[in-house]
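Enquirer: There's a structure below that I have some questions on.
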Amino acid sequence: MSITRISPDTFTYSLLNRVALKVSAWDLEPIEGIGSFNKHESIAHIELKMYRTNEQDFPRNKVIWNVPDLSVVHPNFKSEVETSLSFFVKHIAALRGKTIDLTFEVNDALLDVTAHRHNPFENATNYAILNCFGESVPTFRKETIENLKCSLDNYLKSLK
């Protein structure tokens with residue numbers, strides 16, 4: 001016999017319950033949200049836009065990355081964002097009882113290059129989704145965002 005531990009971090013996902021009625025009523029027109037996550041040794045910020053995918057587009061559910069590839073800093077960057085977005089696509093299908101094809105645009109993504117444990121982008125993305133539906137979520141002050149941008153830019157330049 002073999003036992004495998006599954007370790008879902010369900011806290012930020014459970015927060016989707018707060019906006020379930022708004023998600024169900026959403027007209028699928030473009031909406032935007034901002035999410036930040038700050039936990040010991042884990043800091044990330046993301047800006048997201050989402051809307052219904054044009055019926056002629058392929059793939060049906062997709063992410064448009066309007067940001068630099070942060071995988072050089074945080075190897076799980078894209079997979080963490082995609083995990084959260086994939087869950088949301090399943091969540092909206094469950095709420096509505098039908099498949100909804102969505103396009104997501106990641107328009108800003110930042111992290112502290114020294115602190116990226118605990119799936120920071122997965123959690124920040126969940127908060128951004130909540131914010132898309134008007135939920136008040138943790139966000140960074142403008143100065144903090146600017147400091148993160150500067151630090152990240154300097155770090156990326158040092159890799160070249």
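So you can find residues: chains in the structure tokens are A, B, ... in the order shown, residues in each start at 1, and ligands are numbered from 1 in order.
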Could you give me, as a list in words, the residues within 9 Å of A:Phe140, counting only C-alpha atoms and dropping anything in the same chain fewer than 6 positions from it?
Expert: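 Near A:Phe140, the qualifying residues are Gly35, Ser36, Phe37, Asn38 and His45 of chain A.
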Enquirer: Include N, CA and C atoms and write out the residues we just selected as a tab-separated table (two decimals), in the first residue's frame.
Expert:
```
chain	number	residue	atom	x	y	z
A	35	GLY	N	-4.21	41.83	-7.35
A	35	GLY	CA	-4.04	41.02	-6.15
A	35	GLY	C	-2.59	41.03	-5.70
A	36	SER	N	-2.41	41.10	-4.41
A	36	SER	CA	-1.08	41.06	-3.82
A	36	SER	C	-1.07	40.01	-2.73
A	37	PHE	N	0.06	39.34	-2.56
A	37	PHE	CA	0.19	38.33	-1.53
A	37	PHE	C	1.50	38.58	-0.80
A	38	ASN	N	1.42	38.65	0.53
A	38	ASN	CA	2.59	38.91	1.34
A	38	ASN	C	2.52	38.03	2.58
A	45	HIS	N	2.72	40.20	-6.63
A	45	HIS	CA	1.68	41.16	-7.02
A	45	HIS	C	1.33	40.86	-8.47
```
Enquirer: Near stretch 87-100 of chain A, within 7 Å and counting only C-alpha atoms, which residues show up once chain neighbours fewer than 3 positions away are dropped, as an MDAnalysis selection string?
Expert: chainID A and resid 23:24 83:84
Enquirer: Calculated over only C-alpha atoms, which of the candidates A:Val137, A:Val81, A:Ala128, A:Val113 has the smallest distance to A:Glu47?
Expert: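 When distances to A:Glu47 are compared using only C-alpha atoms, the smallest one comes from A:Ala128.
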Enquirer: If we count only C-alpha atoms and set the cut-off at 9 Å, which residues sit around stretch 69-79 of chain A, ignoring sequence neighbours fewer than 4 positions away in its own chain? Please answer as a ChimeraX atom specification.
Expert: /A:65,83-84,109-111,113,116,119-122,152,155-156,159
Enquirer: Please measure the separation of atom CA of A:Asn66 and atom CA of A:Val106, giving the value in Å to one decimal.
Expert: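 According to the coordinates, atom CA of A:Asn66 and atom CA of A:Val106 are separated by 5.7 Å.
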Enquirer: So how many Å separate atom CA of A:Phe58 and atom CA of A:Ile34, to one decimal?
Expert: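 Pair atom CA of A:Phe58 / atom CA of A:Ile34 returns 26.1 Å.
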Enquirer: Could you pull out all residues of stretch 18-101 of chain A with a DSSP call of alpha helix (DSSP H) and give them as a VMD selection string?
Expert: chain A and resid 20 to 25 77 to 96
Enquirer: Pick from A:Ser151, A:Ser136, A:Asn123, A:Thr144: nearest to A:Arg18, with only C-alpha atoms counted?
Expert: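 Distance minimum relative to A:Arg18 lands on A:Ser136.
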Enquirer: Ranking A:Gln56, A:Asn131, A:Asn126, A:Ser14 by minimum distance to A:Glu32 and counting only C-alpha atoms, which one comes first?
Expert: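 Using only C-alpha atoms, A:Glu32 sits closest to A:Asn131.
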Enquirer: For atom CA of A:Phe11 and atom CA of A:Leu48, quote the distance in Å rounded to one decimal.
Expert: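 Distance reported for this atom pair: 20.0 Å.
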Enquirer: Would you list the contacts of A:Leu28 as a list in words, taking every protein, DNA or RNA residue within 10 Å and counting only C-alpha atoms, but skipping same-chain residues closer than 5 positions in sequence?
Expert: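 So, after excluding close chain neighbours, the residues are Val23, Met50, Tyr51, Arg52, Thr53, Ile100, Asp101 and Leu102 of chain A.
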Enquirer: Could you write out that same residue set with N, CA and C atoms as an mmCIF file, in the first residue's frame?
Expert:
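Dumped everything to result31.cif:
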```
data_model
loop_
_atom_site.group_PDB
_atom_site.id
_atom_site.type_symbol
_atom_site.label_atom_id
_atom_site.label_comp_id
_atom_site.auth_asym_id
_atom_site.auth_seq_id
_atom_site.Cartn_x
_atom_site.Cartn_y
_atom_site.Cartn_z
ATOM 1 N N VAL A 23 -20.098 36.196 -9.697
ATOM 2 C CA VAL A 23 -19.524 35.376 -10.764
ATOM 3 C C VAL A 23 -20.650 34.777 -11.608
ATOM 4 N N MET A 50 -9.906 39.805 -17.404
ATOM 5 C CA MET A 50 -10.521 38.590 -17.937
ATOM 6 C C MET A 50 -11.822 38.902 -18.645
ATOM 7 N N TYR A 51 -12.127 38.070 -19.634
ATOM 8 C CA TYR A 51 -13.321 38.269 -20.452
ATOM 9 C C TYR A 51 -13.592 36.995 -21.249
ATOM 10 N N ARG A 52 -14.785 36.933 -21.843
ATOM 11 C CA ARG A 52 -15.162 35.776 -22.643
ATOM 12 C C ARG A 52 -14.286 35.720 -23.906
ATOM 13 N N THR A 53 -13.831 34.525 -24.236
ATOM 14 C CA THR A 53 -13.042 34.315 -25.440
ATOM 15 C C THR A 53 -13.938 34.403 -26.665
ATOM 16 N N ILE A 100 -17.635 27.789 -19.944
ATOM 17 C CA ILE A 100 -17.425 29.184 -20.330
ATOM 18 C C ILE A 100 -15.954 29.298 -20.724
ATOM 19 N N ASP A 101 -15.685 29.742 -21.946
ATOM 20 C CA ASP A 101 -14.309 29.921 -22.401
ATOM 21 C C ASP A 101 -13.862 31.340 -22.087
ATOM 22 N N LEU A 102 -12.726 31.449 -21.400
ATOM 23 C CA LEU A 102 -12.249 32.751 -20.940
ATOM 24 C C LEU A 102 -10.840 33.051 -21.419
#
```
Enquirer: Among chain A, which ones does DSSP place in strand (DSSP E), written as number ranges by chain?
Expert: A: 31-39, 42-52, 62-65, 102-116
